[in-house]
>>> print(open('final_20.txt').read())   # compact mmCIF, C-alpha atoms and all ligand atoms
# COMPACT_ATOMS: atom_id res chain seq x y z
CA MET A 1 0.24 -85.74 -5.73
CA ARG A 2 -0.41 -82.10 -6.58
CA GLU A 3 1.65 -79.03 -5.76
CA ALA A 4 -0.12 -76.04 -4.29
CA VAL A 5 0.39 -72.35 -3.72
CA PHE A 6 -1.40 -71.29 -0.55
CA LEU A 7 -2.15 -67.61 -0.25
CA ASP A 8 -2.88 -65.56 2.81
CA ARG A 9 -5.77 -63.15 2.12
CA ASP A 10 -5.27 -59.73 3.79
CA GLY A 11 -2.17 -57.91 2.54
CA VAL A 12 -1.71 -60.43 -0.27
CA ILE A 13 -4.80 -60.46 -2.49
CA ASN A 14 -6.63 -57.53 -0.87
CA ARG A 15 -5.46 -54.30 0.72
CA VAL A 16 -4.92 -53.94 4.45
CA ILE A 17 -6.13 -50.88 6.32
CA VAL A 18 -3.57 -48.57 7.93
CA GLU A 19 -5.04 -46.77 10.94
CA ASP A 20 -2.94 -44.61 13.29
CA GLY A 21 0.18 -46.29 11.96
CA GLN A 22 -1.25 -49.75 12.70
CA VAL A 23 -2.08 -52.31 10.05
CA ARG A 24 -5.35 -54.23 10.28
CA SER A 25 -7.68 -56.34 8.12
CA PRO A 26 -10.82 -54.88 6.56
CA ARG A 27 -13.76 -55.24 8.98
CA SER A 28 -16.63 -54.32 6.68
CA PHE A 29 -17.41 -55.10 3.07
CA ALA A 30 -16.94 -51.39 2.23
CA GLU A 31 -13.31 -51.63 3.36
CA PHE A 32 -12.61 -54.70 1.24
CA GLU A 33 -10.64 -54.07 -1.96
CA LEU A 34 -8.67 -56.56 -4.08
CA THR A 35 -5.15 -55.46 -5.06
CA ASP A 36 -4.63 -54.43 -8.71
CA GLY A 37 -2.50 -57.37 -9.83
CA ALA A 38 -4.23 -60.14 -7.82
CA ALA A 39 -6.46 -61.50 -10.61
CA ALA A 40 -3.66 -61.76 -13.20
CA CYS A 41 -1.16 -63.17 -10.69
CA LEU A 42 -3.47 -65.92 -9.46
CA GLN A 43 -4.31 -66.85 -13.02
CA ALA A 44 -0.57 -67.05 -13.77
CA ILE A 45 0.06 -69.26 -10.70
CA ARG A 46 -2.70 -71.61 -11.80
CA ALA A 47 -1.31 -71.68 -15.34
CA LEU A 48 1.99 -72.91 -13.87
CA GLY A 49 0.10 -76.01 -12.79
CA TYR A 50 -0.37 -75.28 -9.08
CA LEU A 51 -3.54 -75.62 -7.03
CA VAL A 52 -4.40 -72.14 -5.71
CA ILE A 53 -5.80 -72.15 -2.17
CA VAL A 54 -6.50 -69.17 0.09
CA VAL A 55 -5.90 -69.79 3.82
CA THR A 56 -6.96 -66.91 6.05
CA ASN A 57 -7.29 -66.13 9.77
CA GLN A 58 -10.36 -64.00 10.45
CA PRO A 59 -10.37 -63.55 14.26
CA ASP A 60 -12.47 -60.38 14.00
CA ILE A 61 -15.47 -62.74 13.71
CA ALA A 62 -14.74 -64.24 17.16
CA ARG A 63 -13.93 -60.78 18.50
CA GLY A 64 -17.30 -59.44 17.37
CA LYS A 65 -15.64 -56.76 15.21
CA MET A 66 -16.93 -58.11 11.89
CA SER A 67 -20.24 -59.71 10.93
CA ALA A 68 -20.39 -63.16 9.33
CA SER A 69 -22.41 -61.68 6.47
CA ASP A 70 -19.71 -59.08 5.65
CA LEU A 71 -17.08 -61.85 5.64
CA GLU A 72 -19.28 -63.92 3.34
CA ARG A 73 -19.64 -61.00 0.90
CA MET A 74 -15.83 -60.59 0.84
CA SER A 75 -15.42 -64.33 0.25
CA GLU A 76 -17.90 -64.14 -2.61
CA VAL A 77 -15.74 -61.46 -4.31
CA VAL A 78 -12.62 -63.63 -3.91
CA ARG A 79 -14.37 -66.74 -5.30
CA SER A 80 -15.97 -64.97 -8.24
CA ARG A 81 -13.11 -62.69 -9.33
CA LEU A 82 -9.99 -64.75 -8.63
CA ALA A 83 -8.82 -68.07 -10.07
CA ILE A 84 -8.79 -70.07 -6.83
CA ASP A 85 -9.47 -73.74 -6.21
CA ASP A 86 -10.52 -73.35 -2.59
CA MET A 87 -10.56 -70.98 0.37
CA LEU A 88 -10.22 -72.04 4.00
CA VAL A 89 -11.15 -69.58 6.74
CA CYS A 90 -10.32 -69.77 10.45
CA PRO A 91 -12.88 -67.65 12.37
CA HIS A 92 -11.31 -68.32 15.81
CA ASP A 93 -9.08 -66.33 18.17
CA ASP A 94 -6.09 -67.47 20.27
CA VAL A 95 -8.32 -68.35 23.28
CA HIS A 96 -10.14 -71.04 21.27
CA ASN A 97 -6.89 -72.98 20.88
CA CYS A 98 -8.11 -74.39 17.55
CA MET A 99 -5.89 -76.32 15.13
CA CYS A 100 -6.61 -74.06 12.15
CA ARG A 101 -5.44 -70.61 13.29
CA LYS A 102 -2.06 -69.79 11.69
CA PRO A 103 0.77 -70.19 12.76
CA LYS A 104 -0.72 -73.65 13.31
CA PRO A 105 -0.72 -75.65 10.07
CA GLY A 106 -4.31 -76.99 10.37
CA MET A 107 -5.72 -75.37 7.22
CA LEU A 108 -2.77 -76.53 5.14
CA LEU A 109 -3.03 -80.07 6.51
CA GLU A 110 -6.76 -80.12 5.80
CA ALA A 111 -6.11 -79.07 2.19
CA LYS A 112 -3.35 -81.68 1.91
CA GLU A 113 -5.83 -84.45 2.82
CA LYS A 114 -8.56 -83.09 0.57
CA TYR A 115 -6.42 -82.57 -2.56
CA ASP A 116 -3.50 -84.99 -2.02
CA ILE A 117 -0.98 -82.14 -1.89
CA ASP A 118 2.79 -82.60 -1.69
CA LEU A 119 3.53 -79.94 0.95
CA GLY A 120 7.28 -80.27 0.46
CA LYS A 121 6.89 -78.92 -3.05
CA SER A 122 4.28 -76.30 -2.15
CA TYR A 123 4.43 -72.64 -1.12
CA LEU A 124 2.57 -70.28 1.19
CA VAL A 125 2.60 -66.64 0.12
CA GLY A 126 1.80 -64.30 3.00
CA ASP A 127 2.63 -61.00 4.63
CA GLY A 128 3.08 -61.89 8.29
CA TRP A 129 5.16 -64.02 10.67
CA LYS A 130 2.15 -66.26 11.34
CA ASP A 131 2.05 -67.18 7.64
CA MET A 132 5.75 -67.96 7.48
CA GLU A 133 5.54 -69.98 10.73
CA ALA A 134 2.51 -71.91 9.41
CA ALA A 135 4.47 -72.70 6.23
CA ARG A 136 7.37 -74.04 8.28
CA ASN A 137 5.02 -76.03 10.54
CA ALA A 138 3.40 -77.63 7.48
CA GLY A 139 6.75 -78.30 5.76
CA CYS A 140 6.24 -75.97 2.84
CA ARG A 141 8.10 -72.89 1.64
CA GLY A 142 7.03 -69.48 2.94
CA VAL A 143 7.23 -66.57 0.52
CA LEU A 144 6.90 -63.21 2.27
CA ILE A 145 5.43 -60.19 0.50
CA GLY A 146 7.76 -57.53 1.88
CA ALA A 147 6.27 -54.47 3.61
CA ASP A 148 7.34 -51.93 6.24
CA TYR A 149 5.37 -53.83 8.86
CA ASN A 150 7.08 -57.23 8.36
CA LYS A 151 10.78 -56.37 8.26
CA GLY A 152 12.92 -59.06 9.88
CA VAL A 153 10.34 -61.84 9.54
CA GLU A 154 12.06 -65.12 8.71
CA CYS A 155 11.03 -66.71 5.43
CA PHE A 156 12.14 -68.94 2.56
CA LYS A 157 12.14 -65.95 0.23
CA ARG A 158 11.15 -62.30 0.57
CA VAL A 159 9.65 -60.68 -2.55
CA GLU A 160 8.52 -57.14 -3.45
CA GLY A 161 4.98 -58.14 -4.42
CA LEU A 162 2.74 -60.84 -5.82
CA GLU A 163 4.20 -60.29 -9.32
CA GLU A 164 7.66 -61.17 -8.08
CA ALA A 165 6.24 -64.19 -6.28
CA VAL A 166 4.87 -65.42 -9.63
CA ARG A 167 8.29 -64.97 -11.24
CA LEU A 168 9.87 -66.93 -8.38
CA LEU A 169 7.33 -69.74 -8.72
CA SER A 170 7.76 -69.97 -12.48
CA GLY A 171 11.53 -70.41 -12.08
CA ASN A 172 11.28 -73.08 -9.39
CA GLY A 173 9.87 -76.00 -11.29
CA GLY A 174 6.71 -77.71 -10.21
CA GLY A 175 4.95 -76.37 -13.23
CA GLN A 176 5.24 -75.93 -16.93
CA GLU A 177 7.71 -73.52 -18.50
CA MET A 178 6.67 -70.48 -20.45
CA ALA A 179 6.01 -72.03 -23.89
CA ILE A 180 4.22 -69.46 -26.06
CA PHE A 181 4.74 -65.72 -26.53
CA LEU A 182 2.38 -63.87 -28.85
CA ASP A 183 3.87 -61.77 -31.65
CA SER A 184 1.50 -58.82 -31.59
CA GLY A 185 1.11 -55.16 -30.80
CA ASN A 186 -2.68 -55.20 -31.11
CA ILE A 187 -4.54 -54.75 -27.80
CA GLU A 188 -7.76 -56.58 -28.77
CA GLU A 189 -5.77 -59.46 -30.20
CA ILE A 190 -3.59 -59.80 -27.07
CA GLU A 191 -6.66 -59.61 -24.81
CA LYS A 192 -8.36 -62.34 -26.83
CA TYR A 193 -5.47 -64.83 -26.58
CA LEU A 194 -4.77 -64.02 -22.91
CA LYS A 195 -8.37 -64.98 -22.12
CA LEU A 196 -7.76 -68.37 -23.76
CA GLY A 197 -5.08 -68.93 -21.10
CA ILE A 198 -2.39 -70.03 -23.56
CA VAL A 199 -0.11 -66.99 -23.78
CA ARG A 200 2.82 -66.43 -21.36
CA GLY A 201 4.27 -63.24 -22.81
CA VAL A 202 4.22 -60.83 -25.74
CA THR A 203 7.01 -59.89 -28.14
CA THR A 204 7.08 -56.82 -30.35
CA ASN A 205 9.51 -55.20 -32.75
CA PRO A 206 9.24 -51.98 -34.75
CA SER A 207 7.72 -53.88 -37.72
CA ILE A 208 4.99 -55.48 -35.57
CA LEU A 209 4.10 -52.13 -33.93
CA LEU A 210 3.91 -50.42 -37.33
CA ARG A 211 1.65 -53.20 -38.67
CA ASP A 212 -0.60 -52.89 -35.61
CA GLY A 213 -1.22 -49.18 -36.12
CA VAL A 214 1.29 -47.49 -33.78
CA THR A 215 2.21 -43.96 -34.95
CA GLY A 216 3.64 -40.85 -33.30
CA GLY A 217 7.25 -41.95 -32.84
CA MET A 218 8.54 -42.78 -29.37
CA ALA A 219 5.48 -41.27 -27.66
CA GLY A 220 3.23 -43.62 -29.64
CA ILE A 221 5.44 -46.64 -28.87
CA LYS A 222 5.47 -45.71 -25.18
CA ALA A 223 1.69 -45.38 -24.90
CA ARG A 224 1.06 -48.74 -26.63
CA CYS A 225 3.76 -50.59 -24.70
CA ILE A 226 2.55 -49.34 -21.32
CA GLU A 227 -0.96 -50.47 -22.24
CA ILE A 228 0.23 -53.96 -23.28
CA ALA A 229 2.55 -54.33 -20.26
CA LYS A 230 -0.32 -53.54 -17.87
CA LEU A 231 -2.67 -55.92 -19.68
CA ILE A 232 -0.32 -58.92 -19.56
CA SER A 233 1.43 -58.31 -16.18
CA PRO A 234 3.18 -60.27 -14.67
CA TYR A 235 4.08 -61.88 -18.02
CA PRO A 236 6.97 -60.22 -19.89
CA LEU A 237 6.69 -57.81 -22.83
CA SER A 238 9.71 -57.52 -25.15
CA VAL A 239 10.35 -54.06 -26.60
CA GLU A 240 13.21 -53.37 -29.02
CA VAL A 241 15.65 -50.46 -28.94
CA THR A 242 15.48 -48.38 -32.14
CA THR A 243 19.13 -47.34 -32.38
CA ASN A 244 22.48 -49.09 -32.76
CA ASP A 245 24.71 -46.45 -31.26
CA THR A 246 26.24 -47.78 -28.01
CA LYS A 247 25.39 -44.82 -25.78
CA GLY A 248 22.01 -44.45 -27.48
CA MET A 249 21.12 -48.12 -26.84
CA LEU A 250 22.02 -47.85 -23.14
CA LYS A 251 20.05 -44.63 -22.70
CA GLN A 252 17.02 -45.91 -24.58
CA ALA A 253 17.05 -49.32 -22.86
CA LYS A 254 16.93 -47.60 -19.46
CA GLU A 255 14.07 -45.41 -20.62
CA LEU A 256 12.03 -48.31 -22.07
CA ALA A 257 12.64 -50.48 -18.99
CA GLY A 258 11.29 -47.67 -16.82
CA TRP A 259 7.87 -47.84 -18.49
CA ALA A 260 6.80 -51.00 -16.60
CA ASP A 261 8.33 -53.71 -14.38
CA ASN A 262 7.61 -56.50 -16.86
CA ILE A 263 9.31 -54.90 -19.87
CA VAL A 264 12.26 -56.81 -21.33
CA ILE A 265 14.62 -54.97 -23.70
CA LYS A 266 15.39 -56.47 -27.09
CA VAL A 267 18.92 -55.80 -28.34
CA THR A 268 20.34 -57.41 -31.50
CA VAL A 269 23.45 -59.56 -30.95
CA HIS A 270 25.56 -57.21 -33.10
CA GLY A 271 25.14 -54.16 -35.28
CA PRO A 272 24.42 -53.96 -39.03
CA LYS A 273 28.17 -54.01 -39.81
CA GLY A 274 28.97 -56.73 -37.29
CA GLU A 275 29.80 -54.26 -34.49
CA LEU A 276 30.59 -56.18 -31.28
CA ASP A 277 29.61 -53.40 -28.84
CA ASN A 278 26.06 -54.73 -28.57
CA LEU A 279 27.26 -57.56 -26.31
CA ALA A 280 28.91 -55.00 -24.01
CA VAL A 281 25.58 -53.14 -23.84
CA ILE A 282 23.71 -56.37 -23.05
CA HIS A 283 26.25 -57.30 -20.34
CA GLU A 284 26.06 -53.84 -18.77
CA LEU A 285 22.24 -53.72 -18.77
CA GLU A 286 21.94 -57.13 -17.12
CA THR A 287 24.77 -56.81 -14.60
CA LYS A 288 24.94 -53.11 -13.71
CA HIS A 289 21.39 -51.87 -14.26
CA ASP A 290 19.35 -54.99 -13.39
CA ILE A 291 17.51 -54.71 -16.72
CA ARG A 292 16.31 -57.91 -18.42
CA VAL A 293 17.51 -58.32 -22.02
CA ASN A 294 16.18 -60.43 -24.88
CA VAL A 295 19.14 -60.82 -27.26
CA THR A 296 17.66 -61.03 -30.72
CA ALA A 297 18.24 -61.56 -34.47
CA MET A 298 20.40 -64.67 -33.92
CA MET A 299 20.77 -67.44 -36.50
CA SER A 300 22.95 -70.03 -34.74
CA ALA A 301 23.54 -71.83 -31.45
CA GLN A 302 27.00 -70.29 -31.16
CA GLN A 303 25.61 -66.74 -31.27
CA CYS A 304 22.96 -67.62 -28.66
CA PHE A 305 25.52 -69.33 -26.41
CA LEU A 306 27.72 -66.21 -26.31
CA ALA A 307 24.67 -64.00 -25.74
CA ALA A 308 23.77 -66.22 -22.77
CA MET A 309 27.36 -65.95 -21.48
CA ALA A 310 27.11 -62.16 -21.72
CA GLY A 311 24.11 -62.34 -19.37
CA GLY A 312 21.06 -62.23 -21.65
CA THR A 313 17.90 -63.42 -19.85
CA TYR A 314 16.42 -64.55 -23.17
CA VAL A 315 18.30 -65.59 -26.32
CA SER A 316 16.25 -65.43 -29.51
CA LEU A 317 16.97 -67.72 -32.43
CA PHE A 318 15.21 -66.84 -35.70
CA GLY A 319 14.08 -70.36 -36.56
CA GLY A 320 12.32 -69.61 -39.85
CA ARG A 321 15.34 -67.77 -41.21
CA VAL A 322 17.72 -70.55 -40.10
CA ASN A 323 15.61 -73.05 -42.08
CA ASN A 324 15.40 -70.66 -45.05
CA MET A 325 19.19 -70.77 -45.37
CA GLY A 326 19.12 -74.57 -45.59
CA TYR A 327 20.15 -75.31 -41.98
CA ASN A 328 17.93 -77.28 -39.61
CA CYS A 329 16.79 -75.15 -36.70
CA VAL A 330 15.99 -78.27 -34.62
CA ASP A 331 19.71 -79.15 -34.56
CA GLU A 332 20.67 -75.65 -33.43
CA ILE A 333 18.04 -75.67 -30.64
CA GLY A 334 19.18 -79.11 -29.39
CA LYS A 335 22.84 -78.05 -29.28
CA LEU A 336 22.01 -74.76 -27.59
CA ARG A 337 19.85 -76.34 -24.86
CA LEU A 338 22.59 -78.85 -24.08
CA LEU A 339 25.18 -76.06 -23.83
CA LEU A 340 23.01 -73.92 -21.54
CA ASP A 341 22.22 -76.87 -19.26
CA ASN A 342 25.83 -78.14 -19.17
CA HIS A 343 27.24 -74.71 -18.38
CA ASP A 344 24.53 -73.76 -15.86
CA LEU A 345 23.42 -70.73 -17.85
CA ASP A 346 19.96 -69.47 -16.90
CA ALA A 347 19.07 -67.93 -20.29
CA GLN A 348 15.74 -69.01 -21.76
CA ILE A 349 15.72 -70.00 -25.42
CA ILE A 350 13.13 -68.16 -27.50
CA VAL A 351 12.66 -69.38 -31.06
CA GLY A 352 10.94 -66.88 -33.32
CA SER A 353 10.24 -66.06 -36.95
CA THR A 354 7.97 -69.08 -36.79
CA ARG A 355 6.57 -69.83 -40.24
CA GLU A 356 4.66 -73.10 -39.94
CA VAL A 357 2.23 -74.52 -37.36
CA LEU A 358 4.41 -77.64 -37.25
CA ASN A 359 7.38 -75.60 -35.94
CA VAL A 360 5.81 -74.72 -32.59
CA LEU A 361 5.76 -78.18 -31.01
CA GLU A 362 8.76 -79.38 -33.02
CA TRP A 363 10.94 -76.61 -31.59
CA LEU A 364 9.59 -76.95 -28.03
CA VAL A 365 10.34 -80.68 -28.12
CA ALA A 366 13.85 -79.91 -29.45
CA GLY A 367 14.53 -77.91 -26.25
CA ALA A 368 13.29 -74.34 -26.78
CA HIS A 369 11.76 -72.77 -23.66
CA ILE A 370 9.53 -70.41 -25.62
CA ILE A 371 8.20 -70.10 -29.17
CA THR A 372 6.87 -66.80 -30.46
CA ALA A 373 3.80 -67.23 -32.62
CA THR A 374 1.37 -65.02 -34.50
CA PRO A 375 -2.35 -65.38 -33.79
CA SER A 376 -2.89 -67.17 -37.12
CA LEU A 377 -0.30 -69.84 -36.21
CA ILE A 378 -1.98 -70.38 -32.84
CA ASN A 379 -5.36 -70.72 -34.57
CA GLY A 380 -3.77 -73.28 -36.85
CA MET A 381 -2.69 -75.31 -33.80
CA ILE A 382 -6.18 -75.33 -32.32
CA VAL A 383 -8.69 -75.62 -35.15
CA HIS A 384 -8.93 -78.93 -37.01
CA PRO A 385 -11.43 -79.71 -39.80
CA TYR A 386 -12.28 -83.14 -38.33
CA THR A 387 -12.93 -81.56 -34.92
CA LYS A 388 -15.36 -79.20 -36.62
CA GLU A 389 -17.06 -82.10 -38.34
CA THR A 390 -17.23 -84.14 -35.11
CA VAL A 391 -18.72 -81.25 -33.12
CA ARG A 392 -21.28 -80.66 -35.89
CA GLN A 393 -22.21 -84.35 -35.74
CA PHE A 394 -22.61 -84.25 -31.92
CA LEU A 395 -24.84 -81.19 -32.14
CA ASP A 396 -26.96 -82.66 -34.93
CA ASP A 397 -27.37 -85.98 -33.10
CA SER A 398 -28.23 -84.28 -29.80
CA LYS A 399 -31.27 -82.77 -31.52
CA LYS A 400 -32.45 -86.24 -32.50
CA LEU A 401 -32.32 -87.63 -28.93
MG MG B 1 -2.08 -61.02 5.97
>>> encode(input="final_20.txt", output="C-alpha cells", more="lines below")
Ligand SMILES: [Mg+2]
Amino acid sequence: MREAVFLDRDGVINRVIVEDGQVRSPRSFAEFELTDGAAACLQAIRALGYLVIVVTNQPDIARGKMSASDLERMSEVVRSRLAIDDMLVCPHDDVHNCMCRKPKPGMLLEAKEKYDIDLGKSYLVGDGWKDMEAARNAGCRGVLIGADYNKGVECFKRVEGLEEAVRLLSGNGGGQEMAIFLDSGNIEEIEKYLKLGIVRGVTTNPSILLRDGVTGGMAGIKARCIEIAKLISPYPLSVEVTTNDTKGMLKQAKELAGWADNIVIKVTVHGPKGELDNLAVIHELETKHDIRVNVTAMMSAQQCFLAAMAGGTYVSLFGGRVNNMGYNCVDEIGKLRLLLDNHDLDAQIIVGSTREVLNVLEWLVAGAHIITATPSLINGMIVHPYTKETVRQFLDDSKKL
C-alpha cells in the first residue's frame, strides 16, 4: 500500500482572490496564479516517497460562474508545472448531493481504490473546514494551512504554509529521511544537483564560500546565502557564524537566521581554546529564539551527544577527520545513533568531511541521518565504467536492429 499527500487546490497551491473582504477561488484563467513555493514543495513531498494527489471542489462550474475551458487551462498549468501524480476535480454544488464534493470523502476514496492508498498513513493539506472534514471522513490526517479566514477550524495540525507542511511530513515517517546535503556555495552547481532530485539540503562554511567566489565580506555572504536559500527552499541551508565571541555569535546568528526561513546556523561545539560558552549559545538560540542550529566541528559521539542534549537540531561529526586520526567513524556513528534513539533526542546526525565515495552509504547504514558530499563524490556514486560500456553496447546494437 502507498501513502499519499492529498492537496486542496485553491489557497494551497494557487492564490485565492480577496474581494470586498471575502475569499474566493479564481474564476478565470487570468486570475489563476500558482503560489511561489508550490513547485519546490510538491517536489519535496514526492521525494519523501508520497503519492501527490490534488483534490479540488470547483462548484463555480455548476454555478455557471466559470467556464469548463478556463478550468481546463488551470488544470493544464497544475499538471505541467507541479510534480503531481493525479488531480481529481468535483464540478458539482451542494444541490447535486454527489459523493465527491468535500467534506464528503469521495475523491479520496476513489484515489484509494485506484492507487491502493493507506489512508490511515496519509494526509490532506488544505485551507478550509471542508478539507479538514473530508480528511476526517476518509480517516486521514488533515493539515491546515493557517490563514485569517480559517481561524478556529479543527485539524490534525495547523501550519504557517506549505513549506512548514513539508517539514511536518518529513518528520512523520512514511518516507525516506534526508540523506544527502550538498557541500557547495556555487549556484549553478546546486541547481544542477537539485534537478537530479537527490539533494535534500546544502551546507556551507567560510572556506566553501571563498572557494565558490564569494567576496565583499558579510554583504557578499548575505547575497549568496539568500540566493541559495530561495533556490533550495524548503530544504535547509547551513550558514556558519564567523566569530567566536559569545555576544557576537548570538547577534550574528540572529542576523543570519533572519535572511530566510530555511537557514540553519552552524556553531562549533567549542571555541579554539576549548571555550565552553558555545554550548550556552546553541542552547539559547534553540530554546529562546527558535533558531535551528547545526553544531559543527565534532570528532566524537560524546561531543555530538552533549550537543544534542543542549538542543542542537543537527549534530555534525567530521567523519574524514575521525578516520584520519586512526579512529573508525562507523563506530562513533553507531554509538551516537543508539544514544539519540535511547534518550529520545530529536537531533539529526550529519556526517561531513566525507573523503571517499565509499563513506556515503557506509555512514548512512551505520545510522547517520545525513551525509554531506561534494559534487565530485556524488558523481563518483552515480557513474560506473561498466554502466558506460553497457549503455554504449545497447546504443550500438540498437543501430543494428
Ligand atoms: Mg481551498
>>> residues_near_ligand(input="final_20.txt", ligand="ligand MG 1 (chain B)", cutoff="10 Å", atoms="only C-alpha atoms and all ligand atoms", output="PyMOL selection string")
chain A and resi 7-16+23-25+55-58+125-131+144-145
>>> closest_atom_pairs(input="final_20.txt", of="stretch 209-242 of chain A", to="stretch 177-191 of chain A", cutoff="9 Å", atoms="all atoms listed in the file", output="JSON lines")
{"residue": "A:Leu209", "atom": "CA", "partner": "A:Gly185", "partner_atom": "CA", "distance": 5.3}
{"residue": "A:Leu210", "atom": "CA", "partner": "A:Gly185", "partner_atom": "CA", "distance": 8.5}
{"residue": "A:Arg211", "atom": "CA", "partner": "A:Gly185", "partner_atom": "CA", "distance": 8.1}
{"residue": "A:Asp212", "atom": "CA", "partner": "A:Asn186", "partner_atom": "CA", "distance": 5.5}
{"residue": "A:Gly213", "atom": "CA", "partner": "A:Asn186", "partner_atom": "CA", "distance": 8.0}
{"residue": "A:Val214", "atom": "CA", "partner": "A:Gly185", "partner_atom": "CA", "distance": 8.2}
{"residue": "A:Arg224", "atom": "CA", "partner": "A:Gly185", "partner_atom": "CA", "distance": 7.7}
{"residue": "A:Cys225", "atom": "CA", "partner": "A:Gly185", "partner_atom": "CA", "distance": 8.1}
{"residue": "A:Glu227", "atom": "CA", "partner": "A:Ile187", "partner_atom": "CA", "distance": 7.9}
{"residue": "A:Ile228", "atom": "CA", "partner": "A:Ile187", "partner_atom": "CA", "distance": 6.6}
{"residue": "A:Leu231", "atom": "CA", "partner": "A:Glu191", "partner_atom": "CA", "distance": 7.5}
{"residue": "A:Ile232", "atom": "CA", "partner": "A:Ile190", "partner_atom": "CA", "distance": 8.2}
{"residue": "A:Pro236", "atom": "CA", "partner": "A:Phe181", "partner_atom": "CA", "distance": 8.9}
{"residue": "A:Leu237", "atom": "CA", "partner": "A:Phe181", "partner_atom": "CA", "distance": 8.9}
>>> residues_around(input="final_20.txt", residues="stretch 36-52 of chain A", least_positions_apart="4", cutoff="9 Å", atoms="all atoms listed in the file", output="ChimeraX atom specification")
/A:2-7,12-14,81-87,115,117,122,162-163,165-166,169-170,173-178,197-198,200,231-235
>>> residues_around(input="final_20.txt", residues="A:Asn324", least_positions_apart="5", cutoff="12 Å", atoms="only C-alpha atoms", output="MDAnalysis selection string")
chainID A and resid 299 318:319 329 353:355
>>> atom_distance(input="final_20.txt", atom1="atom CA of A:Ser69", atom2="atom CA of A:Ser28")
9.4 Å
>>> closest_residue(input="final_20.txt", among="A:Val202, A:Leu338, A:Val351, A:Met218", to="A:Gln252", atoms="only C-alpha atoms")
A:Met218
>>> residues_near_point(input="final_20.txt", point="(21.6, -68.3, -15.9)", cutoff="8 Å", atoms="all atoms listed in the file", output="short mmCIF file (atom, residue, chain, number, x, y, z; two decimals) with C-alpha atoms, in the frame of the given file")
data_model
loop_
_atom_site.label_atom_id
_atom_site.label_comp_id
_atom_site.auth_asym_id
_atom_site.auth_seq_id
_atom_site.Cartn_x
_atom_site.Cartn_y
_atom_site.Cartn_z
CA ALA A 308 23.77 -66.22 -22.77
CA GLY A 311 24.11 -62.34 -19.37
CA THR A 313 17.90 -63.42 -19.85
CA ASP A 344 24.53 -73.76 -15.86
CA LEU A 345 23.42 -70.73 -17.85
CA ASP A 346 19.96 -69.47 -16.90
CA ALA A 347 19.07 -67.93 -20.29
#
>>> closest_residue(input="final_20.txt", among="A:Pro91, A:Met132, A:Val360, A:Gly274", to="A:Gly64", atoms="all atoms listed in the file")
A:Pro91
>>> closest_residue(input="final_20.txt", among="A:Leu339, A:Val281, A:Ala138, A:Met325", to="A:Leu306", atoms="only C-alpha atoms")
A:Leu339
>>> closest_residue(input="final_20.txt", among="A:Tyr123, A:Tyr314, A:Phe394, A:Trp259", to="A:Lys230", atoms="only C-alpha atoms")
A:Trp259
>>> closest_residue(input="final_20.txt", among="A:His270, A:Glu362, A:Gly142, A:Ala219", to="A:Glu255", atoms="only C-alpha atoms")
A:Ala219
>>> atom_distance(input="final_20.txt", atom1="atom CA of A:Gly367", atom2="atom CA of A:Ile282")
23.6 Å
>>> atom_distance(input="final_20.txt", atom1="atom CA of A:Cys90", atom2="atom CA of A:Asp118")
22.0 Å
>>> closest_residue(input="final_20.txt", among="A:Gly320, A:Val365, A:Phe32, A:Gly258", to="A:Arg292", atoms="all atoms listed in the file")
A:Gly258
